[in-house]
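Read the structure below first, then the notes.
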Amino acid sequence: TKSLRDTLKEIIPAKQEQLKKLKAEHGDTVVGEVKVENIIGGMRGLKAMLWEASVLDPVEGIRFHGLSIPDCQKVLPAAPGGKEIIPESMLWLLLTGQVPSAEQTLALSQELAAKGALPKFVEDLVDSFPRTLHPMTQLGMGVAALNHDSAFQAAYERGMKKPEYWVHTLEDCIDLIARLPALAARIYRNVYAPGTPLAPVDGSLDLVGNYANMLGYGENHSLTEYLRLYIALHGDHEGGNASAHAAHLVGSTLADPYLSYSAALFALAGPLHGLANQEVLRWQMAMQAELGADITEEKIEAYLWKTLKSGQVVPGYGHGVLRNPDPRFIALQEFCDGKPELKASPIIQLVNQTFKVAPGVLKAHGKTKNPYPNVDATSGCVLYHYGLTEFKYYTVIFGVSRALGALTQLVWARALGLPLERPKSMSMDALSKFIADS
Ligand code: FCX
């Protein structure tokens, strides 16, 4: 059975050829037009970057190399003894476009576990942070500090040639993904259970098995399975979202994968992006507290209007690209439906009741282009049910996950020799002059 590196070595030349051909034969083909509304509207809808591993259809949702989420759930290997997709099999798919065998997935799990320990100075750095420092700030700083051992940076200093870029990028990406659970779990334990022992990385466990174990939830098989699915599903959501795009932009300067991914994490930490799952829980709990025991759809509707009239967004609803319920939301709901204790959980029931009412209210409100839930509408609430109640930590789990896609693209960007990203900006005066002259 072929290794990950050999698989990539085999497929990269054809992709390089494809890019060369696109450039040579279609370099001046027009893909779309740039309107003033795109320039002032956060570049929404502009097809302006390459991203290999996934494409987001507004109606259908995400596909990873053409595979939908239900397709992935059918074909991607689970952990030994588990049922859900695991990040290792998703990473293999994202990187190669191929479905790994159970054996290849296991080999990747073993490699990640073998590389999973943190350097001592990073442990010390993280231990020195005040407990009050937001976990996402800690994660971003820890990831940036890991660049101390960057293979890419060391090879660049030695004067490596361009065809070698992807090889060292891949090594950094694998090392970083391997170390994220130990880093993220250390932050959790320091902030929420200081002074208690932290389990070391266990060579016999998969990536999330280790993560759950180090968090202190290793005994909870159901939560571990949820985290596997959650982390696999959040892995990639094409390239334009703020975290993925930040990694791509910073990586295009040939900053190493650690620095590039730390930039992604700071983008993820914004409330309109990854922080939304913590905001959803906060909002649903405030709703629960205000509405009391007897929660009806009418009361939820009134609460939604209250949120909107106070000028706030309804967290977990809306999306920059999607125009339908997010299939990741559906997949997490199906996970809950299959587990009686989750189905009976008050917070999950509230998420479901809200889902029945919120699209209608948001349509009537008439602002958002997408009145449907995104994945954040439920992801944090499920964690809460499992007893992982520290919601300031939720985006860190998203941050462990998003590495899969953002780092995959760094490997492809270096393999394809993609250039420094540098869009042209305009001032309002320049834009007005352009309009007047045209
Ligand atoms: N509640 C109330 N108003 C909303 C809304 C919501 N959930 N979603 C969008 N709107 C409003 C916008 O604020 C905007 O108002 P404005 O014209 O006064 O500025 C208008 O509707 C048009 O926005 P729209 O084009 O539909 O959405 P955008 O692409 O600008 O923004 C996000 C997309 C996701 C930022 C937006 O829907 C939002 O704020 N949602 C709530 C936060 C959230 O769930 N974020 C997570 C998104 C995602 F899953 C992720 O990145 O993790």
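Labels for the structure tokens follow display order: chains A, B, ..., residues from 1 in each chain, ligands from 1.
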**Request:** Around ligand 1, at most 6 Å away and counting only C-alpha atoms and all ligand atoms, which residues are there? Put them as a PyMOL selection string, please.
**Result:** chain A and resi 272-274+276+313-320+367-370+374-376
With the cut-off set at 10 Å and counting only C-alpha atoms, tabulate each residue of region 227-274 of chain A with an atom at most that distance from an atom of region 90-109 of chain A, showing the nearest atom pair and its distance in Å to one decimal, ordered by chain and increasing number, as a tab-separated table.
residue	atom	partner	partner_atom	distance
A:Leu229	CA	A:Met90	CA	9.9
A:Ile231	CA	A:Met90	CA	9.3
A:Ala232	CA	A:Met90	CA	5.9
A:Leu233	CA	A:Met90	CA	8.2
A:Gly235	CA	A:Met90	CA	7.7
A:Asp236	CA	A:Leu94	CA	8.2
**Message:** Show me, as a ChimeraX atom specification, the residues that have an atom within 10 Å of Leu383 (chain A) when counting only C-alpha atoms, minus same-chain residues fewer than 3 positions from it.
**Reply:** /A:223,226-227,281,378-380,386-391,394
**Request:** Give the alpha helix (DSSP H) residues of region 162-237 of chain A, as assigned by DSSP on the backbone, as a PyMOL selection string.
**Result:** chain A and resi 165-192+207-215+221-233
**Request:** Have a look at A:Leu410, A:Leu146, A:Leu19, A:Ile69 and name the one nearest to Ile330 (chain A); count only C-alpha atoms.
**Result:** A:Ile69
**Request:** Identify which of the residues A:Gly417, A:Pro87, A:Pro200, A:Gly399 lies closest to Lys15 (chain A), counting only C-alpha atoms when measuring atom-to-atom distances.
**Result:** A:Gly417
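Across the model, the gap from CA of His245 (chain A) to CA of His26 (chain A) is 24.4 Å.
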**Request:** Can you check which residues of region 36-246 of chain A DSSP gives as strand (DSSP E) on the backbone and send them as a ChimeraX atom specification?
**Result:** /A:54-57,61-64
Just C-alpha atoms for this one: save the residues we selected as a JSON list (two decimals), in the first residue's frame.
[["chain", "number", "residue", "atom", "x", "y", "z"],
["A", 54, "SER", "CA", -12.93, 21.58, -1.87],
["A", 55, "VAL", "CA", -15.57, 23.61, -3.66],
["A", 56, "LEU", "CA", -18.62, 25.15, -2.00],
["A", 57, "ASP", "CA", -21.87, 25.14, -3.94],
["A", 61, "GLY", "CA", -22.88, 22.89, 0.26],
["A", 62, "ILE", "CA", -19.34, 21.62, 0.44],
["A", 63, "ARG", "CA", -17.77, 18.88, -1.69],
["A", 64, "PHE", "CA", -14.29, 17.58, -0.95]]
**Message:** If we count only C-alpha atoms and set the cut-off at 10 Å, which residues sit around region 336-351 of chain A, ignoring sequence neighbours fewer than 2 positions away in its own chain? Please answer as a PyMOL selection string.
**Reply:** chain A and resi 222+226+280-281+284-285+287-288+293+295-297+300+330-334+353-356+377-379+381-382+384-386
Output C-alpha atoms for every residue in the selection just made, as an mmCIF file, in the first residue's frame.
data_model
loop_
_atom_site.group_PDB
_atom_site.id
_atom_site.type_symbol
_atom_site.label_atom_id
_atom_site.label_comp_id
_atom_site.auth_asym_id
_atom_site.auth_seq_id
_atom_site.Cartn_x
_atom_site.Cartn_y
_atom_site.Cartn_z
ATOM 1 C CA SER A 222 -19.566 9.145 22.261
ATOM 2 C CA TYR A 226 -18.507 13.488 17.883
ATOM 3 C CA VAL A 280 -24.574 30.537 19.485
ATOM 4 C CA LEU A 281 -24.343 28.729 22.797
ATOM 5 C CA GLN A 284 -29.300 29.891 23.110
ATOM 6 C CA MET A 285 -28.627 29.751 26.836
ATOM 7 C CA MET A 287 -32.904 32.349 25.396
ATOM 8 C CA GLN A 288 -33.383 29.287 27.611
ATOM 9 C CA ALA A 293 -39.278 25.661 31.221
ATOM 10 C CA ILE A 295 -40.541 26.876 25.541
ATOM 11 C CA THR A 296 -42.940 27.235 22.615
ATOM 12 C CA GLU A 297 -42.231 28.165 19.013
ATOM 13 C CA ILE A 300 -38.744 31.525 20.321
ATOM 14 C CA ILE A 330 -27.442 18.447 8.941
ATOM 15 C CA ALA A 331 -24.688 15.867 9.517
ATOM 16 C CA LEU A 332 -24.257 16.958 13.145
ATOM 17 C CA GLN A 333 -28.025 16.885 13.636
ATOM 18 C CA GLU A 334 -28.133 13.346 12.251
ATOM 19 C CA GLN A 353 -36.917 24.211 17.840
ATOM 20 C CA THR A 354 -34.978 27.325 16.841
ATOM 21 C CA PHE A 355 -34.230 25.760 13.440
ATOM 22 C CA LYS A 356 -37.989 25.379 12.870
ATOM 23 C CA ALA A 377 -25.888 26.690 14.950
ATOM 24 C CA THR A 378 -25.412 23.341 16.636
ATOM 25 C CA SER A 379 -21.726 22.409 16.932
ATOM 26 C CA CYS A 381 -24.383 23.127 21.779
ATOM 27 C CA VAL A 382 -23.526 19.441 21.333
ATOM 28 C CA TYR A 384 -22.150 21.641 25.950
ATOM 29 C CA HIS A 385 -24.416 18.627 26.250
ATOM 30 C CA TYR A 386 -21.360 16.397 26.671
#
**Message:** Neighbouring residues of Arg228 (chain A) were defined as those with any atom within 12 Å, considering only C-alpha atoms; residues of the same chain fewer than 2 positions away were excluded. Please report them as a count of residues only.
**Reply:** 38
**Message:** Give me the residues near Val36 (chain A) as an MDAnalysis selection string, where near means some atom within 12 Å (using only C-alpha atoms) and where sequence neighbours in that chain fewer than 3 positions away do not count.
**Reply:** chainID A and resid 33 39:44 46 425:428 430:432 434:435
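Rounded to one decimal, CA of Lys9 (chain A) and CA of Pro163 (chain A) lie 11.3 Å from each other.
In this model, the gap between CA of Gly32 (chain A) and CA of Ala53 (chain A) comes to 21.9 Å.
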**Message:** Measuring between only C-alpha atoms, which one of A:Pro194, A:Gly203, A:Gly159, A:Pro419 shows the shortest distance to Glu111 (chain A)?
**Reply:** A:Gly203
**Item:** Contacts of region 130-135 of chain A at 8 Å (only C-alpha atoms; same-chain gap of 3+ positions) as an MDAnalysis selection string
**Value:** chainID A and resid 138:139 187:188 190:191 392:393 396
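Nearest residue to His237 (chain A), choosing from A:Leu112, A:Leu215, A:Leu418, A:Ala403 and counting only C-alpha atoms: A:Ala403.
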